[in-house]
Every structure is written in C-alpha cells, then in structure tokens.
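Worksheet: the structure to be examined is printed underneath.
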Amino acid sequence: MTFSESEKVALRAGVAVGVAVSTYGFSFGALSVASGLTIWQTCVLSLFLFSGGSQFAVVGVLASGGVAAGWTAIASSAFLGLRNGIYSIRMAPIVATASWLKPLAAQLTIDESTAVALNQAEVRSQRVGFWTTGIAVFVGWNLTTLAGALVGNVLGDVDGLGLDAVAAAAFLGLLWPRLKQLQAGVVAAASAVLATILIPFAPPGVPVLAAAAVALVIGLTNAFRRREAGVEHPQPDDRSDPGEVPGLSTEEADS
C-alpha cells in the first residue's frame, strides 16, 4: 500500500503519540494493583474501558474509598468518558468505515486519535491518523498496563515508593496540553478549587463528581469560549492561515 506524503505525516504522528501516551499505562497498572485490583482486573479495565482519564478516576476513587466507593468510581468514570461519545459525532463522517468495523472504531475514538485526525488537512490523512493513533495507543497502553501491574504486584506497597501520587501526576500530564483556551483553564481552576474544598467533608469520589458538574455547567453556557471568540486578532490579510485545517475551528485544530 502506497501512502502520500500527507498520509506519511499522519502515520508518523500517530506512532509518535502512541508511544508517548503508552508510557502512562505503566503508571496505571502499578497504581491499579496498589488500589486493590488484581492483575487480570487491571488488564480487563484497560482492554474494555480504554480511556486514560476514566481509568485513573476509577482507581483513584477505589484507592481512597475502597470497594464501598465502587458506584462513585463508576459514576466518575462515566462522566469523564462522555467526551468520547461527543468525539464520535465529529469523527463518524471522517472514519466512514464498514459496519463490522464500527465497534472497533468506537473503541479507538479517544482524545489522541481524534486530535491527530483533526489536525490533518485531507480526509484520507485524517483516516490514517485516526487508525494509526488509535491502534498504537491501544496496543501500547495495554502492554504497559500489564507490565505496570506485574511490577506493582511484585513491589507490594507502592505507597512507600511514592506511586500513590502517580494518578494525579499522570492525569495532570494528560490534562496540561488541553489548557490552551480560556474556557478550559477556567473549568480546570474552578473544578480544582471545588474538589479541594469538598475533600475533607465529602465521601470518596463525590469531589470528582462535583468537579465534573462544574465542567458541565460551564460547557453548556459556553460563556468563556464566546468571550474568547469576541476578541479580535489582527490578520495580515483575508486569506486563511496556511497552517489552518479547512473546516475546523481553532479549538478543534489545537485539540
């Protein structure tokens, strides 16, 4: 199969993102075992849930509240996973795959595969970017999850090595590149403040749900994004920026 130059760019981007993101899987595997899940439960979580933020939310809540916090962990994970459903609306016309492949495409619709696809200028390149990134992250994430779970199981008490802080650090690593826009920064700051206030008083997992509610309210009102859109940026002329992806907003191209 011959790839065009733009498809080769998408292919390289997908592989690079896959390798980079997969490293977080090791941390997840170790932390999951430390939170009380078995190795096989940890691996099943990565195989079927396959959403970094949602997975870290599950083990983070279980680590602080134990099995009793299970329903809260599920709710927190579901809130964070809703974004993938929204991504699928945008990606469906781009992927346009056969019916029997749609379940696989749905499983691979994550932050990274969506971002790489939308940053390509041509539809064929977008498809290459989507599938390459999705497959690379899925394979790499599951392999490193298994490796992390095995290491965590051997180490036993990972809290003594500081791995109890891995979930927060890894989640921040996933979040940081998405804070370029004003609205994303406001959501992150408001959610962090509310969760910090609630942690001493609320049951485990409830601060995460409250933070998700803040994101939902701000997202529905879209106030800060409208404010950003109202700021005029001088342009040298009326032509589109050569680096801009046709048909995409600035937020989508930067995601």
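Residues are referred to by chain and number: the chain letter is A, B, ... according to the order shown in the structure tokens, the number counts from 1 in that chain, and ligands are numbered separately from 1 in the order shown.
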
Find the spatial neighbours of Tyr24 of chain A, counting only C-alpha atoms, within a cut-off of 8 Å - ignore same-chain residues fewer than 3 positions away - and output them as a PyMOL selection string.
-> chain A and resi 21+27-28+141+144+170

Emit the selected residues as a short mmCIF file (atom, residue, chain, number, x, y, z; two decimals), in the first residue's frame, including N, CA and C atoms.
data_model
loop_
_atom_site.label_atom_id
_atom_site.label_comp_id
_atom_site.auth_asym_id
_atom_site.auth_seq_id
_atom_site.Cartn_x
_atom_site.Cartn_y
_atom_site.Cartn_z
N VAL A 21 1.98 8.32 24.76
CA VAL A 21 0.83 8.11 25.65
C VAL A 21 0.91 6.76 26.36
N SER A 27 2.17 3.40 34.73
CA SER A 27 1.76 4.01 35.99
C SER A 27 0.37 3.53 36.40
N PHE A 28 -0.53 3.46 35.41
CA PHE A 28 -1.88 3.00 35.72
C PHE A 28 -1.86 1.57 36.25
N TRP A 141 -0.78 0.89 25.31
CA TRP A 141 -1.39 1.09 26.64
C TRP A 141 -1.63 -0.23 27.34
N THR A 144 1.79 -1.85 28.42
CA THR A 144 2.41 -1.19 29.58
C THR A 144 1.55 -1.33 30.82
N ALA A 170 -0.11 11.72 36.52
CA ALA A 170 -0.40 11.28 35.16
C ALA A 170 -1.62 12.00 34.59
#

Residues near segment 93-104 of chain A, cut-off 9 Å, only C-alpha atoms, skip fewer than 2 positions along chain, as a PDB file with N, CA and C atoms, in the first residue's frame:
ATOM      1  N   ILE A  89     -19.338  11.817  17.233  1.00  0.00           N
ATOM      2  CA  ILE A  89     -20.200  12.583  16.334  1.00  0.00           C
ATOM      3  C   ILE A  89     -19.359  13.309  15.288  1.00  0.00           C
ATOM      4  N   ARG A  90     -18.238  13.841  15.737  1.00  0.00           N
ATOM      5  CA  ARG A  90     -17.343  14.571  14.819  1.00  0.00           C
ATOM      6  C   ARG A  90     -16.572  13.619  13.924  1.00  0.00           C
ATOM      7  N   MET A  91     -16.223  12.446  14.447  1.00  0.00           N
ATOM      8  CA  MET A  91     -15.354  11.535  13.716  1.00  0.00           C
ATOM      9  C   MET A  91     -16.098  10.612  12.753  1.00  0.00           C
ATOM     10  N   ALA A 106     -15.283   2.766  17.359  1.00  0.00           N
ATOM     11  CA  ALA A 106     -15.813   3.389  18.577  1.00  0.00           C
ATOM     12  C   ALA A 106     -14.859   3.200  19.745  1.00  0.00           C
ATOM     13  N   GLN A 107     -14.281   2.004  19.856  1.00  0.00           N
ATOM     14  CA  GLN A 107     -13.336   1.724  20.944  1.00  0.00           C
ATOM     15  C   GLN A 107     -12.085   2.583  20.821  1.00  0.00           C
ATOM     16  N   LEU A 108     -11.681   2.902  19.599  1.00  0.00           N
ATOM     17  CA  LEU A 108     -10.446   3.666  19.372  1.00  0.00           C
ATOM     18  C   LEU A 108     -10.676   5.175  19.309  1.00  0.00           C
ATOM     19  N   THR A 109     -11.920   5.604  19.510  1.00  0.00           N
ATOM     20  CA  THR A 109     -12.214   7.038  19.499  1.00  0.00           C
ATOM     21  C   THR A 109     -11.885   7.626  20.862  1.00  0.00           C
ATOM     22  N   ALA A 117      -6.238  13.014  14.074  1.00  0.00           N
ATOM     23  CA  ALA A 117      -7.052  13.005  12.850  1.00  0.00           C
ATOM     24  C   ALA A 117      -7.465  14.411  12.442  1.00  0.00           C
ATOM     25  N   VAL A 123      -8.959  14.210   4.028  1.00  0.00           N
ATOM     26  CA  VAL A 123      -9.769  13.167   4.650  1.00  0.00           C
ATOM     27  C   VAL A 123      -8.999  11.852   4.749  1.00  0.00           C
ATOM     28  N   ARG A 124      -8.291  11.469   3.686  1.00  0.00           N
ATOM     29  CA  ARG A 124      -7.528  10.219   3.722  1.00  0.00           C
ATOM     30  C   ARG A 124      -6.452  10.268   4.814  1.00  0.00           C
ATOM     31  N   GLN A 126      -6.631  12.076   7.512  1.00  0.00           N
ATOM     32  CA  GLN A 126      -7.338  12.029   8.784  1.00  0.00           C
ATOM     33  C   GLN A 126      -7.647  10.588   9.181  1.00  0.00           C
ATOM     34  N   ARG A 127      -8.044   9.791   8.209  1.00  0.00           N
ATOM     35  CA  ARG A 127      -8.329   8.383   8.497  1.00  0.00           C
ATOM     36  C   ARG A 127      -7.060   7.646   8.913  1.00  0.00           C
ATOM     37  N   PHE A 130      -6.233   8.723  12.439  1.00  0.00           N
ATOM     38  CA  PHE A 130      -7.145   8.148  13.420  1.00  0.00           C
ATOM     39  C   PHE A 130      -6.785   6.697  13.724  1.00  0.00           C
ATOM     40  N   TRP A 131      -6.695   5.868  12.680  1.00  0.00           N
ATOM     41  CA  TRP A 131      -6.453   4.444  12.880  1.00  0.00           C
ATOM     42  C   TRP A 131      -5.059   4.174  13.420  1.00  0.00           C
TER      43      TRP A 131
END

Tell me, in Å to one decimal, how far atom CA of Asn119 of chain A is from atom CA of Arg83 of chain A.
->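 So the two atoms, atom CA of Asn119 of chain A and atom CA of Arg83 of chain A, lie 18.2 Å apart.
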
Pairwise distance, atom CA of Gln41 of chain A with atom CA of Gln55 of chain A, equals 11.8 Å

Just give me the gap between atom CA of Val33 of chain A and atom CA of Leu47 of chain A in Å, one decimal is fine.
-> 15.6 Å

Surrounding residues of Val9 of chain A excluding itself and chain neighbours under 6 positions, 9 Å, only C-alpha atoms, as an NGL selection string | :A and (120 or 125 or 129)

Keeping C-alpha atoms, export the residues of the selection given above as a PDB file, in the first residue's frame.
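The file below, selection32.pdb, is the result:
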ATOM      1  CA  GLN A 120      -4.673  16.568   9.141  1.00  0.00           C
ATOM      2  CA  SER A 125      -4.800  11.576   6.022  1.00  0.00           C
ATOM      3  CA  GLY A 129      -4.080   9.468  11.613  1.00  0.00           C
TER       4      GLY A 129
END

Please identify all polymer residues within 12 Å of Leu82 of chain A, counting only C-alpha atoms, omitting same-chain residues fewer than 6 positions from it, and present them as a ChimeraX atom specification.
-> /A:51,53-54,75-76,88-89,109-111,212,215-216

Dump of C-alpha atoms for the selected residues, as a tab-separated table (two decimals), in the first residue's frame:
chain	number	residue	atom	x	y	z
A	51	SER	CA	-9.84	5.77	28.46
A	53	GLY	CA	-8.74	9.75	32.44
A	54	SER	CA	-11.66	7.44	33.24
A	75	ALA	CA	-20.09	7.43	38.01
A	76	SER	CA	-16.87	9.46	37.94
A	88	SER	CA	-17.68	10.10	17.76
A	89	ILE	CA	-20.20	12.58	16.33
A	109	THR	CA	-12.21	7.04	19.50
A	110	ILE	CA	-10.18	8.70	22.25
A	111	ASP	CA	-8.59	12.10	22.84
A	212	ALA	CA	-17.47	17.20	36.60
A	215	ALA	CA	-17.35	21.40	33.72
A	216	LEU	CA	-20.87	20.51	32.55

Find, counting only C-alpha atoms, the residue in A:Lys8, A:Pro200, A:Phe138, A:Ser22 that gets nearest to Phe48 of chain A.
->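 Among the listed residues, the smallest separation from Phe48 of chain A belongs to A:Phe138.
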